Structures are given as structure tokens and as C-alpha cells.
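Scroll down for the structure; my scribbles are underneath it.
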Amino acid sequence: MSQIVLKDLAVQTIRTPDLAARVLLGLNVPTQTLWMALTLTGVLNALLFGVAMVMTPLPEGAPLFAIPSPFQFFVLVTLGLVTMVWALTQIGRWMGGQGSLRDVLILFTWLQFLRIVAQGAVVLLSFASGLLS
């Protein structure tokens, strides 16, 4: 997928999410690739967490052991993401839905990538606002 297509799909996800979901489900991405992409979202989350930790000083008296390392954060976030995919699939089935684990996985992973882009923009803006102040 090219950058323009991804941008258009991101805009379509906001404006008409049902059509964006149909496009994503029609991509026929292999399940193994989707699991790797979900793991990548965990890595990117941990990277943003590490950047935020460097940019934000610790409060006075904060115990260092209470703040997880980026690796610990990666493990926790990735386990949480995998659990959410499984839980959403099971709850959907209990409610009579017809979606598969792969369907939930591709849609959930796409939304996680969009969230990471937005979170990255916030981190950059907070860095820029600190420089401007």
C-alpha cells in the first residue's frame, strides 16, 4: 500500500468506518502478518512510552521501581492487545456475530496504528510546545 492509499484509508476510517472496514477485510492479509503487525504496534507503543519518559522528568520522590521499563511496557501492552483481540472475538460470537478472529485482528490492528500516529503527533507537539515556551 502506498502512503496516499494509507492516508485515504485513514480519512475514510474517520468519515465512513463501515466502508473502510470493508476495504481492510478485503485485503486478504495473511494471519501471520497480522499478528506481526499487532506486535509491531506493541513495539511502537513502547517506543513512544520511552520517548515520553525521556521528555518528562520524574516527580520528586517518585520511586524508580514503580515506573516500568520500555520492555516491560511492551510486554504488558502486547499481552493486553492480544487479550483484547481474543475477547472482542469471543464477545462478538456470544452476541451472534459472524466475524472471525482474523477479521477482528485486522480491524483492531489498523485502529491501533491510527492511535499510534495520533499519539506520536501529541508527543511531537508536546516537545515543540516545550521548546516554544
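Here's how to read the names in the C-alpha cells: chain A, B, ... by the order shown, residue numbers from 1 in each chain, ligand numbers from 1 in the order shown.
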Just the residues within 10 Å of region 34-48 of chain A, please, counting only C-alpha atoms, with nothing from its chain fewer than 5 positions along; format it as a PyMOL selection string.
chain A and resi 29+53-54+69-82+85+102-103+105-110+112-117+119-120+123
What parts of region 53-131 of chain A does DSSP call helix (DSSP H, G or I)? I'd like the answer as number ranges by chain.
A: 53-55, 64-66, 70-94, 101-131
